[in-house]
$ cat query-v1.txt   # compact mmCIF, C-alpha atoms
# COMPACT_ATOMS: atom_id res chain seq x y z
CA MET C 10 84.53 92.17 87.63
CA LYS C 11 88.28 92.45 87.01
CA ILE C 12 90.18 89.33 88.03
CA LYS C 13 91.77 89.71 91.44
CA HIS C 14 94.31 87.25 92.80
CA PHE C 15 95.37 86.63 96.42
CA LEU C 16 99.04 85.70 96.14
CA GLN C 17 100.32 87.86 99.01
CA PHE C 18 98.47 89.38 101.95
CA ASN C 19 98.89 92.88 100.53
CA ASP C 20 97.13 91.96 97.28
CA LEU C 21 94.02 93.13 99.15
CA ASN C 22 93.72 96.60 100.65
CA ARG C 23 92.46 97.42 104.13
CA SER C 24 88.85 98.03 103.11
CA GLU C 25 88.74 94.73 101.20
CA LEU C 26 90.16 92.87 104.19
CA GLU C 27 87.54 94.41 106.46
CA ILE C 28 84.82 93.28 104.04
CA ILE C 29 86.19 89.73 104.20
CA PHE C 30 86.41 89.72 108.01
CA ASP C 31 82.82 91.00 108.33
CA ARG C 32 81.61 88.51 105.76
CA ALA C 33 83.45 85.64 107.47
CA LYS C 34 81.62 86.45 110.71
CA TRP C 35 78.27 86.34 108.89
CA ILE C 36 79.12 83.15 106.99
CA LYS C 37 80.30 81.44 110.19
CA ALA C 38 77.05 82.34 111.95
CA LYS C 39 75.06 80.85 109.05
CA PHE C 40 77.16 77.68 109.24
CA LYS C 41 76.69 77.33 113.00
CA SER C 42 72.92 77.77 112.55
CA TYR C 43 72.81 75.07 109.84
CA GLU C 44 71.48 77.61 107.36
CA LYS C 45 72.14 76.95 103.69
CA HIS C 46 74.28 79.53 101.90
CA TRP C 47 75.06 78.62 98.28
CA PRO C 48 76.32 81.74 96.48
CA LEU C 49 78.83 79.66 94.48
CA GLU C 50 76.42 77.05 93.17
CA ASP C 51 77.74 75.54 89.90
CA ARG C 52 81.17 77.13 90.47
CA THR C 53 84.31 74.97 90.58
CA LEU C 54 87.50 75.34 92.59
CA VAL C 55 90.63 73.52 91.43
CA MET C 56 93.15 72.84 94.21
CA ILE C 57 96.72 72.15 93.09
CA PHE C 58 99.05 70.66 95.70
CA GLU C 59 102.81 70.28 95.44
CA LYS C 60 103.25 70.38 99.24
CA ALA C 61 101.51 68.12 101.73
CA SER C 62 98.44 69.49 103.49
CA THR C 63 95.77 68.78 106.08
CA ARG C 64 94.13 72.09 107.03
CA THR C 65 94.50 73.76 103.64
CA ARG C 66 92.90 70.94 101.67
CA LEU C 67 90.14 70.27 104.19
CA SER C 68 89.21 73.94 104.67
CA PHE C 69 89.13 74.79 100.96
CA GLU C 70 87.40 71.59 99.85
CA SER C 71 84.78 71.68 102.61
CA GLY C 72 84.37 75.43 102.23
CA MET C 73 83.69 75.32 98.51
CA GLN C 74 81.13 72.55 98.97
CA GLN C 75 79.43 74.46 101.79
CA LEU C 76 79.11 77.44 99.42
CA GLY C 77 77.29 75.22 96.93
CA GLY C 78 80.23 74.66 94.59
CA ALA C 79 82.56 71.81 93.76
CA ALA C 80 86.25 71.31 94.57
CA ILE C 81 88.69 69.23 92.51
CA TYR C 82 91.98 68.01 94.01
CA LEU C 83 95.08 67.83 91.82
CA ASN C 84 98.47 66.70 93.03
CA THR C 85 101.43 67.58 90.84
CA ARG C 86 102.63 63.97 91.12
CA ASP C 87 99.42 62.80 89.45
CA SER C 88 99.17 65.46 86.73
CA GLN C 89 101.14 66.69 83.75
CA LEU C 90 102.66 69.40 85.95
CA GLY C 91 104.65 66.62 87.60
CA ARG C 92 105.95 65.54 84.19
CA GLY C 93 107.32 68.91 83.21
CA GLU C 94 104.36 70.72 81.62
CA PRO C 95 105.15 74.45 81.73
CA VAL C 96 103.29 76.30 84.47
CA GLU C 97 102.11 78.83 81.87
CA ASP C 98 100.52 76.11 79.72
CA ALA C 99 98.87 74.45 82.69
CA ALA C 100 97.39 77.79 83.77
CA GLN C 101 95.92 78.41 80.33
CA VAL C 102 94.18 75.02 80.32
CA ILE C 103 93.12 74.71 83.97
CA SER C 104 91.71 78.22 84.15
CA ARG C 105 89.45 77.50 81.15
CA MET C 106 87.85 74.58 83.00
CA CYS C 107 87.11 76.10 86.40
CA ASP C 108 86.17 79.32 88.15
CA ILE C 109 88.96 79.73 90.70
CA VAL C 110 92.28 78.05 91.55
CA MET C 111 94.13 77.50 94.84
CA ILE C 112 97.80 76.47 94.70
CA ARG C 113 100.04 75.17 97.49
CA THR C 114 103.61 74.98 96.21
CA PHE C 115 107.25 75.87 96.87
CA GLU C 116 108.59 79.04 95.22
CA GLN C 117 106.37 82.13 95.03
CA GLU C 118 107.52 82.54 91.43
CA ILE C 119 105.54 79.43 90.45
CA ILE C 120 102.21 80.80 91.63
CA GLU C 121 102.94 84.22 90.13
CA ARG C 122 103.65 82.68 86.72
CA PHE C 123 100.44 80.68 86.97
CA ALA C 124 98.39 83.76 87.87
CA GLU C 125 99.85 85.76 84.98
CA ASN C 126 98.43 83.16 82.59
CA SER C 127 95.15 82.43 84.39
CA ARG C 128 91.72 83.58 83.27
CA VAL C 129 90.35 83.13 86.81
CA PRO C 130 91.37 84.22 90.33
CA VAL C 131 94.31 82.39 91.93
CA ILE C 132 94.77 81.96 95.70
CA ASN C 133 98.03 81.23 97.47
CA GLY C 134 97.48 78.20 99.71
CA LEU C 135 101.11 78.45 100.87
CA THR C 136 104.51 79.08 99.30
CA ASN C 137 108.00 79.22 100.76
CA GLU C 138 107.65 83.00 101.01
CA TYR C 139 104.04 83.64 102.12
CA HIS C 140 100.99 82.07 103.76
CA PRO C 141 98.27 84.74 103.38
CA CYS C 142 95.25 82.53 104.10
CA GLN C 143 96.72 81.54 107.47
CA ILE C 144 97.11 85.15 108.57
CA LEU C 145 93.58 85.96 107.37
CA ALA C 146 92.37 83.28 109.76
CA ASP C 147 94.66 84.40 112.58
CA ILE C 148 93.54 88.01 112.45
CA PHE C 149 89.88 87.05 112.11
CA THR C 150 90.30 84.85 115.19
CA TYR C 151 91.85 87.69 117.17
CA ILE C 152 88.99 90.01 116.15
CA GLU C 153 86.49 87.40 117.35
CA GLN C 154 88.25 87.03 120.69
CA ARG C 155 89.43 90.56 121.47
CA GLY C 156 88.20 93.06 118.87
CA SER C 157 90.25 95.23 116.53
CA ILE C 158 93.91 94.34 116.05
CA GLN C 159 94.84 97.93 115.25
CA GLY C 160 97.55 99.19 117.58
CA LYS C 161 98.14 95.76 119.13
CA THR C 162 101.45 93.90 119.34
CA VAL C 163 102.18 90.46 117.93
CA ALA C 164 105.29 88.65 119.18
CA TRP C 165 106.72 86.28 116.59
CA ILE C 166 109.15 83.82 118.18
CA GLY C 167 111.28 81.53 116.01
CA ASP C 168 112.05 81.26 112.32
CA SER C 169 111.40 84.20 109.98
CA ASN C 170 109.49 81.97 107.59
CA ASN C 171 106.50 82.41 105.28
CA VAL C 172 104.05 82.90 108.16
CA CYS C 173 106.29 85.52 109.77
CA ASN C 174 106.64 87.34 106.43
CA THR C 175 102.88 87.48 106.09
CA TRP C 176 102.37 88.79 109.62
CA LEU C 177 104.71 91.65 108.68
CA GLN C 178 102.72 92.48 105.55
CA ALA C 179 99.49 92.41 107.57
CA ALA C 180 100.95 94.76 110.20
CA GLU C 181 101.62 97.42 107.57
CA LEU C 182 98.12 97.17 106.14
CA LEU C 183 96.17 96.96 109.39
CA ASP C 184 98.34 99.21 111.57
CA PHE C 185 99.61 96.91 114.31
CA ASN C 186 103.12 95.98 115.43
CA VAL C 187 105.17 92.80 115.22
CA HIS C 188 108.05 91.99 117.55
CA VAL C 189 110.29 89.42 115.87
CA SER C 190 112.88 87.35 117.69
CA THR C 191 114.96 84.82 115.76
CA PRO C 192 118.35 83.21 116.33
CA LYS C 193 121.26 84.81 114.51
CA GLY C 194 121.29 83.78 110.88
CA TYR C 195 117.51 83.48 110.69
CA GLU C 196 116.59 87.17 110.75
CA VAL C 197 113.86 88.79 108.66
CA GLU C 198 114.83 89.63 105.09
CA VAL C 199 112.83 92.78 104.43
CA GLU C 200 112.88 92.38 100.64
CA ARG C 201 111.86 88.72 100.82
CA ALA C 202 109.07 89.62 103.21
CA GLY C 203 107.66 91.96 100.56
CA LEU C 204 107.43 94.96 102.87
CA TYR C 205 106.84 98.55 101.85
CA GLY C 206 109.06 99.62 104.73
CA ALA C 207 109.94 98.59 108.25
CA ASP C 208 107.73 100.86 110.35
CA HIS C 209 105.60 98.17 111.97
CA PHE C 210 108.11 95.64 113.21
CA GLU C 211 111.06 95.51 115.56
CA GLU C 212 113.66 92.78 115.95
CA PHE C 213 114.81 91.47 119.34
CA GLU C 214 117.80 89.28 120.15
CA ASP C 215 116.07 88.15 123.37
CA PRO C 216 112.75 86.35 122.78
CA MET C 217 111.62 87.24 126.29
CA GLU C 218 111.90 90.92 125.41
CA ALA C 219 109.99 90.35 122.18
CA ALA C 220 107.12 88.79 124.14
CA ARG C 221 106.97 91.58 126.72
CA ASP C 222 103.53 93.28 126.74
CA ALA C 223 102.44 91.46 123.57
CA ASP C 224 98.77 90.84 122.79
CA ILE C 225 99.51 87.75 120.70
CA VAL C 226 102.43 85.35 121.08
CA THR C 227 102.83 83.12 118.05
CA THR C 228 105.32 80.72 116.56
CA ASP C 229 105.70 77.93 114.02
CA VAL C 230 107.75 74.76 113.62
CA TRP C 231 111.49 75.30 113.58
CA THR C 232 111.88 73.28 110.38
CA SER C 233 109.44 74.18 107.62
CA MET C 234 108.66 71.97 104.63
CA GLY C 235 111.58 71.94 102.25
CA PHE C 236 114.18 72.46 105.00
CA GLU C 237 114.12 68.97 106.52
CA SER C 238 117.87 68.46 105.88
CA GLU C 239 118.56 71.31 108.34
CA LYS C 240 116.51 69.84 111.20
CA LYS C 241 119.37 68.79 113.50
CA VAL C 242 121.11 72.15 113.12
CA ARG C 243 117.86 74.07 113.62
CA ILE C 244 116.93 72.21 116.81
CA LYS C 245 120.25 73.31 118.28
CA ASP C 246 120.03 76.89 116.98
CA PHE C 247 116.44 77.44 118.17
CA ALA C 248 116.77 75.83 121.61
CA ASP C 249 116.31 79.17 123.42
CA TRP C 250 113.31 80.17 121.28
CA GLN C 251 110.77 77.75 122.74
CA VAL C 252 107.50 79.37 123.79
CA ASP C 253 106.95 78.26 127.38
CA LYS C 254 104.99 79.47 130.40
CA ASP C 255 107.74 81.92 131.41
CA MET C 256 107.65 83.56 127.99
CA ILE C 257 103.86 83.77 128.02
CA LYS C 258 104.05 85.52 131.40
CA GLN C 259 106.01 88.33 129.73
CA ALA C 260 103.02 89.12 127.51
CA ASN C 261 99.85 90.94 128.57
CA LYS C 262 97.66 89.03 131.01
CA ASP C 263 94.97 88.48 128.39
CA ALA C 264 97.42 87.69 125.58
CA LEU C 265 96.55 84.86 123.21
CA PHE C 266 98.82 82.09 121.93
CA MET C 267 98.60 81.13 118.26
CA HIS C 268 100.24 78.46 116.10
CA CYS C 269 99.37 77.64 112.50
CA LEU C 270 99.84 73.88 113.15
CA PRO C 271 100.98 71.17 112.99
CA ALA C 272 102.89 71.73 116.22
CA HIS C 273 105.81 69.86 117.75
CA ARG C 274 105.25 69.92 121.50
CA GLY C 275 108.56 70.08 123.28
CA GLU C 276 110.25 71.94 120.43
CA GLU C 277 108.87 75.35 119.43
CA VAL C 278 106.18 75.27 122.14
CA THR C 279 105.56 73.40 125.36
CA ALA C 280 102.42 71.33 125.85
CA GLU C 281 101.60 73.52 128.84
CA VAL C 282 101.23 76.54 126.56
CA ILE C 283 99.58 75.09 123.46
CA ASP C 284 97.08 73.13 125.57
CA GLY C 285 96.68 75.93 128.11
CA PRO C 286 93.94 78.52 128.69
CA GLN C 287 95.53 81.26 126.55
CA SER C 288 95.86 79.04 123.49
CA ILE C 289 93.32 79.49 120.69
CA VAL C 290 94.95 77.21 118.14
CA TRP C 291 91.79 75.13 117.57
CA GLU C 292 89.61 78.21 116.98
CA GLU C 293 92.37 79.52 114.70
CA ALA C 294 92.37 76.27 112.71
CA GLU C 295 88.58 76.20 112.40
CA ASN C 296 88.51 79.76 111.15
CA ARG C 297 90.57 78.82 108.10
CA LEU C 298 87.28 77.35 106.85
CA HIS C 299 85.13 80.41 107.41
CA VAL C 300 87.51 83.15 106.34
CA GLN C 301 88.44 81.26 103.18
CA LYS C 302 84.77 80.91 102.30
CA ALA C 303 84.52 84.68 102.57
CA LEU C 304 87.63 85.01 100.39
CA LEU C 305 86.29 82.64 97.72
CA GLU C 306 83.00 84.50 97.65
CA TYR C 307 84.71 87.90 97.41
CA LEU C 308 87.10 86.91 94.61
CA LEU C 309 84.32 85.31 92.57
CA ILE C 310 81.31 87.58 93.05
CA GLY C 311 82.58 90.62 94.92
CA ASN C 312 80.98 92.34 97.91
CA LYS C 313 77.43 90.99 98.10
$ encode --input "query-v1.txt" --output "structure tokens"
Amino acid sequence: MKIKHFLQFNDLNRSELEIIFDRAKWIKAKFKSYEKHWPLEDRTLVMIFEKASTRTRLSFESGMQQLGGAAIYLNTRDSQLGRGEPVEDAAQVISRMCDIVMIRTFEQEIIERFAENSRVPVINGLTNEYHPCQILADIFTYIEQRGSIQGKTVAWIGDSNNVCNTWLQAAELLDFNVHVSTPKGYEVEVERAGLYGADHFEEFEDPMEAARDADIVTTDVWTSMGFESEKKVRIKDFADWQVDKDMIKQANKDALFMHCLPAHRGEEVTAEVIDGPQSIVWEEAENRLHVQKALLEYLLIGNK
């Protein structure tokens, strides 16, 4: 099978995504029933981390082991990558010693250069620009809870960061809408978001208007990794973009609240919302495990 990478959400087409969502449901049911499923026995995943992680490392490492394979953790501080080895050289070597690679790093360019020189599939575990595995899990979670996301509305409140960019890519592929509300100066950059066009999202100055009649209200921390020096300024700029009970009331009655975590209660979201009855953040976090197992399986052995 031709090597396929997952560097952006739109690296997979709609039919491939539907295969992964269906497979994730089946894999999750097997897991919950304590039934062994080892399609990747004797396969090895290498995980390369330049950014800190909890959910990404745990979900990929546990997931690969649950599929019968092995996972190896590499931190750039503890490898030759941290001493200046060219990304292209590292890709040539690493990809000859494993079956699939997951990378969590800063610039998207780094992972693209690695993939261009890799003999095996490469997965984006997070970059400054995109977080495709997170949105796979988010959409799978919505499908579990409410059914098809087609035609629905997602309200993104806060910074137009990598998660927001990926929601916008997903909306184009899966035919739903995203309402984006950010403070001035933090608006969506269409080119950076990697969009084909702008048919599936609308920007709102007022976050309350963005949340109106939404099916999902979602947000992220105001200060992403790599932007810590801007924290004081961002807390001031984003003060009116906190997701609270009044904002949730603007959404549909059965709307769901999502957050990719970790969350800062009292900043981007109140405790009342994230710990409330409409929040599905724990289900969302758990589903990183199951949907990524389906992704690993698909990239390595196709639709089985």
$ residues_around --input "query-v1.txt" --residues "Phe210 of chain C" --least-positions-apart "6" --cutoff "8 Å" --atoms "only C-alpha atoms" --output "list in words"
Leu177, Ala180, Asn186, Val187, His188 and Val189 of chain C
$ atom_distance --input "query-v1.txt" --atom1 "atom CA of Glu212 of chain C" --atom2 "atom CA of Gln117 of chain C"
24.6 Å
$ atom_distance --input "query-v1.txt" --atom1 "atom CA of Ile81 of chain C" --atom2 "atom CA of Leu54 of chain C"
6.2 Å
$ residues_near_point --input "query-v1.txt" --point "(103.0, 78.4, 76.4)" --cutoff "12 Å" --atoms "all atoms listed in the file" --output "count of residues only"
14
$ atom_distance --input "query-v1.txt" --atom1 "atom CA of Ala223 of chain C" --atom2 "atom CA of Gln251 of chain C"
16.1 Å
$ closest_residue --input "query-v1.txt" --among "C:Ile109, C:Leu76, C:His273, C:Leu182" --to "Glu25 of chain C" --atoms "all atoms listed in the file"
C:Leu182
$ residues_around --input "query-v1.txt" --residues "segment 105-108 of chain C" --least-positions-apart "5" --cutoff "6 Å" --atoms "only C-alpha atoms" --output "list in words"
Arg52, Thr53 and Val129 of chain C
$ residues_around --input "query-v1.txt" --residues "Phe149 of chain C" --least-positions-apart "6" --cutoff "9 Å" --atoms "all atoms listed in the file" --output "VMD selection string"
chain C and resid 30 to 31 33 to 34 293 296 300
$ write_last_selection --input "query-v1.txt" --atoms "C-alpha atoms" --output "mmCIF file, in the frame of the given file"
data_model
loop_
_atom_site.group_PDB
_atom_site.id
_atom_site.type_symbol
_atom_site.label_atom_id
_atom_site.label_comp_id
_atom_site.auth_asym_id
_atom_site.auth_seq_id
_atom_site.Cartn_x
_atom_site.Cartn_y
_atom_site.Cartn_z
ATOM 1 C CA PHE C 30 86.410 89.720 108.010
ATOM 2 C CA ASP C 31 82.820 91.000 108.330
ATOM 3 C CA ALA C 33 83.450 85.640 107.470
ATOM 4 C CA LYS C 34 81.620 86.450 110.710
ATOM 5 C CA GLU C 293 92.370 79.520 114.700
ATOM 6 C CA ASN C 296 88.510 79.760 111.150
ATOM 7 C CA VAL C 300 87.510 83.150 106.340
#
$ decode --input "query-v1.txt" --residues "segment 26-152 of chain C" --atoms "C-alpha atoms" --output "PDB file, in the first residue's frame"
ATOM      1  CA  LEU C  26     -12.494   9.497   7.741  1.00  0.00           C
ATOM      2  CA  GLU C  27     -15.782   7.608   7.849  1.00  0.00           C
ATOM      3  CA  ILE C  28     -13.857   4.322   7.733  1.00  0.00           C
ATOM      4  CA  ILE C  29     -11.776   5.467  10.704  1.00  0.00           C
ATOM      5  CA  PHE C  30     -14.813   6.600  12.717  1.00  0.00           C
ATOM      6  CA  ASP C  31     -16.607   3.287  12.084  1.00  0.00           C
ATOM      7  CA  ARG C  32     -13.478   1.331  12.927  1.00  0.00           C
ATOM      8  CA  ALA C  33     -12.908   3.352  16.109  1.00  0.00           C
ATOM      9  CA  LYS C  34     -16.408   2.417  17.284  1.00  0.00           C
ATOM     10  CA  TRP C  35     -15.668  -1.275  16.679  1.00  0.00           C
ATOM     11  CA  ILE C  36     -12.221  -1.103  18.299  1.00  0.00           C
ATOM     12  CA  LYS C  37     -13.628   0.703  21.344  1.00  0.00           C
ATOM     13  CA  ALA C  38     -16.313  -1.964  21.781  1.00  0.00           C
ATOM     14  CA  LYS C  39     -13.637  -4.682  21.659  1.00  0.00           C
ATOM     15  CA  PHE C  40     -11.603  -2.800  24.263  1.00  0.00           C
ATOM     16  CA  LYS C  41     -14.589  -2.367  26.589  1.00  0.00           C
ATOM     17  CA  SER C  42     -15.345  -6.093  26.282  1.00  0.00           C
ATOM     18  CA  TYR C  43     -11.735  -7.028  27.132  1.00  0.00           C
ATOM     19  CA  GLU C  44     -11.383  -8.756  23.778  1.00  0.00           C
ATOM     20  CA  LYS C  45      -7.893  -9.048  22.338  1.00  0.00           C
ATOM     21  CA  HIS C  46      -7.305  -7.253  19.045  1.00  0.00           C
ATOM     22  CA  TRP C  47      -3.695  -7.429  17.833  1.00  0.00           C
ATOM     23  CA  PRO C  48      -3.598  -6.451  14.143  1.00  0.00           C
ATOM     24  CA  LEU C  49      -0.268  -4.639  14.640  1.00  0.00           C
ATOM     25  CA  GLU C  50       1.616  -7.445  16.338  1.00  0.00           C
ATOM     26  CA  ASP C  51       5.390  -7.057  15.778  1.00  0.00           C
ATOM     27  CA  ARG C  52       4.900  -3.495  14.467  1.00  0.00           C
ATOM     28  CA  THR C  53       6.704  -0.565  16.106  1.00  0.00           C
ATOM     29  CA  LEU C  54       5.625   3.035  16.602  1.00  0.00           C
ATOM     30  CA  VAL C  55       8.279   5.670  17.287  1.00  0.00           C
ATOM     31  CA  MET C  56       6.975   8.742  19.129  1.00  0.00           C
ATOM     32  CA  ILE C  57       9.104  11.884  18.844  1.00  0.00           C
ATOM     33  CA  PHE C  58       8.332  14.684  21.297  1.00  0.00           C
ATOM     34  CA  GLU C  59       9.637  18.237  21.179  1.00  0.00           C
ATOM     35  CA  LYS C  60       6.598  19.588  23.072  1.00  0.00           C
ATOM     36  CA  ALA C  61       5.362  18.366  26.448  1.00  0.00           C
ATOM     37  CA  SER C  62       2.477  15.908  26.463  1.00  0.00           C
ATOM     38  CA  THR C  63       0.118  13.903  28.637  1.00  0.00           C
ATOM     39  CA  ARG C  64      -2.807  12.748  26.484  1.00  0.00           C
ATOM     40  CA  THR C  65      -0.849  12.394  23.246  1.00  0.00           C
ATOM     41  CA  ARG C  66       1.865  10.190  24.704  1.00  0.00           C
ATOM     42  CA  LEU C  67      -0.475   8.092  26.823  1.00  0.00           C
ATOM     43  CA  SER C  68      -3.038   7.527  24.058  1.00  0.00           C
ATOM     44  CA  PHE C  69      -0.493   6.609  21.377  1.00  0.00           C
ATOM     45  CA  GLU C  70       1.697   4.465  23.630  1.00  0.00           C
ATOM     46  CA  SER C  71      -1.216   2.608  25.217  1.00  0.00           C
ATOM     47  CA  GLY C  72      -2.998   2.346  21.880  1.00  0.00           C
ATOM     48  CA  MET C  73      -0.076   0.778  20.056  1.00  0.00           C
ATOM     49  CA  GLN C  74       0.416  -1.762  22.839  1.00  0.00           C
ATOM     50  CA  GLN C  75      -3.298  -2.599  22.858  1.00  0.00           C
ATOM     51  CA  LEU C  76      -3.036  -3.304  19.115  1.00  0.00           C
ATOM     52  CA  GLY C  77      -0.261  -5.802  19.809  1.00  0.00           C
ATOM     53  CA  GLY C  78       2.642  -3.558  18.807  1.00  0.00           C
ATOM     54  CA  ALA C  79       5.383  -1.677  20.597  1.00  0.00           C
ATOM     55  CA  ALA C  80       5.871   2.059  21.157  1.00  0.00           C
ATOM     56  CA  ILE C  81       9.230   3.790  21.629  1.00  0.00           C
ATOM     57  CA  TYR C  82       9.436   7.261  23.193  1.00  0.00           C
ATOM     58  CA  LEU C  83      12.050   9.723  21.943  1.00  0.00           C
ATOM     59  CA  ASN C  84      12.469  13.234  23.272  1.00  0.00           C
ATOM     60  CA  THR C  85      14.485  15.621  21.131  1.00  0.00           C
ATOM     61  CA  ARG C  86      16.466  16.631  24.235  1.00  0.00           C
ATOM     62  CA  ASP C  87      17.680  13.045  24.591  1.00  0.00           C
ATOM     63  CA  SER C  88      18.418  12.308  20.924  1.00  0.00           C
ATOM     64  CA  GLN C  89      20.655  13.563  18.153  1.00  0.00           C
ATOM     65  CA  LEU C  90      17.777  15.736  16.906  1.00  0.00           C
ATOM     66  CA  GLY C  91      18.393  17.895  19.968  1.00  0.00           C
ATOM     67  CA  ARG C  92      22.043  18.264  18.977  1.00  0.00           C
ATOM     68  CA  GLY C  93      21.372  19.554  15.508  1.00  0.00           C
ATOM     69  CA  GLU C  94      21.002  16.420  13.366  1.00  0.00           C
ATOM     70  CA  PRO C  95      19.113  17.437  10.210  1.00  0.00           C
ATOM     71  CA  VAL C  96      15.459  16.415  10.252  1.00  0.00           C
ATOM     72  CA  GLU C  97      15.948  14.805   6.827  1.00  0.00           C
ATOM     73  CA  ASP C  98      18.762  12.572   8.109  1.00  0.00           C
ATOM     74  CA  ALA C  99      16.838  11.590  11.216  1.00  0.00           C
ATOM     75  CA  ALA C 100      13.834  10.627   9.082  1.00  0.00           C
ATOM     76  CA  GLN C 101      15.953   8.409   6.853  1.00  0.00           C
ATOM     77  CA  VAL C 102      17.352   6.509   9.848  1.00  0.00           C
ATOM     78  CA  ILE C 103      14.303   6.354  12.132  1.00  0.00           C
ATOM     79  CA  SER C 104      11.952   5.240   9.370  1.00  0.00           C
ATOM     80  CA  ARG C 105      14.243   2.284   8.569  1.00  0.00           C
ATOM     81  CA  MET C 106      13.915   1.005  12.138  1.00  0.00           C
ATOM     82  CA  CYS C 107      10.164   1.208  12.718  1.00  0.00           C
ATOM     83  CA  ASP C 108       6.802   0.917  10.992  1.00  0.00           C
ATOM     84  CA  ILE C 109       5.169   4.263  11.784  1.00  0.00           C
ATOM     85  CA  VAL C 110       6.165   7.583  13.393  1.00  0.00           C
ATOM     86  CA  MET C 111       4.225  10.128  15.450  1.00  0.00           C
ATOM     87  CA  ILE C 112       5.757  13.587  15.955  1.00  0.00           C
ATOM     88  CA  ARG C 113       4.710  16.359  18.359  1.00  0.00           C
ATOM     89  CA  THR C 114       6.698  19.489  17.560  1.00  0.00           C
ATOM     90  CA  PHE C 115       6.556  23.222  16.870  1.00  0.00           C
ATOM     91  CA  GLU C 116       6.521  24.317  13.210  1.00  0.00           C
ATOM     92  CA  GLN C 117       4.508  22.319  10.681  1.00  0.00           C
ATOM     93  CA  GLU C 118       7.489  22.585   8.336  1.00  0.00           C
ATOM     94  CA  ILE C 119       9.472  20.241  10.597  1.00  0.00           C
ATOM     95  CA  ILE C 120       6.995  17.386  10.332  1.00  0.00           C
ATOM     96  CA  GLU C 121       6.564  17.938   6.585  1.00  0.00           C
ATOM     97  CA  ARG C 122      10.327  17.702   6.027  1.00  0.00           C
ATOM     98  CA  PHE C 123      10.426  14.530   8.102  1.00  0.00           C
ATOM     99  CA  ALA C 124       7.565  12.960   6.138  1.00  0.00           C
ATOM    100  CA  GLU C 125       9.198  13.788   2.799  1.00  0.00           C
ATOM    101  CA  ASN C 126      12.188  11.678   3.842  1.00  0.00           C
ATOM    102  CA  SER C 127      10.338   8.897   5.668  1.00  0.00           C
ATOM    103  CA  ARG C 128       9.823   5.367   4.378  1.00  0.00           C
ATOM    104  CA  VAL C 129       6.855   4.876   6.736  1.00  0.00           C
ATOM    105  CA  PRO C 130       3.653   6.780   7.604  1.00  0.00           C
ATOM    106  CA  VAL C 131       4.027   9.900   9.762  1.00  0.00           C
ATOM    107  CA  ILE C 132       1.304  11.233  12.093  1.00  0.00           C
ATOM    108  CA  ASN C 133       1.027  14.781  13.385  1.00  0.00           C
ATOM    109  CA  GLY C 134       0.682  14.596  17.175  1.00  0.00           C
ATOM    110  CA  LEU C 135       0.469  18.414  17.295  1.00  0.00           C
ATOM    111  CA  THR C 136       2.215  21.358  15.660  1.00  0.00           C
ATOM    112  CA  ASN C 137       1.787  25.101  16.037  1.00  0.00           C
ATOM    113  CA  GLU C 138      -0.512  25.058  13.016  1.00  0.00           C
ATOM    114  CA  TYR C 139      -2.612  21.876  13.346  1.00  0.00           C
ATOM    115  CA  HIS C 140      -3.831  19.221  15.778  1.00  0.00           C
ATOM    116  CA  PRO C 141      -5.587  16.661  13.540  1.00  0.00           C
ATOM    117  CA  CYS C 142      -5.716  13.774  16.026  1.00  0.00           C
ATOM    118  CA  GLN C 143      -7.578  15.952  18.525  1.00  0.00           C
ATOM    119  CA  ILE C 144     -10.299  16.813  16.027  1.00  0.00           C
ATOM    120  CA  LEU C 145     -10.594  13.159  14.985  1.00  0.00           C
ATOM    121  CA  ALA C 146     -11.400  12.401  18.614  1.00  0.00           C
ATOM    122  CA  ASP C 147     -13.739  15.370  18.984  1.00  0.00           C
ATOM    123  CA  ILE C 148     -15.822  14.478  15.950  1.00  0.00           C
ATOM    124  CA  PHE C 149     -15.908  10.793  16.875  1.00  0.00           C
ATOM    125  CA  THR C 150     -17.139  11.813  20.329  1.00  0.00           C
ATOM    126  CA  TYR C 151     -19.889  13.966  18.855  1.00  0.00           C
ATOM    127  CA  ILE C 152     -20.973  11.094  16.578  1.00  0.00           C
TER     128      ILE C 152
END
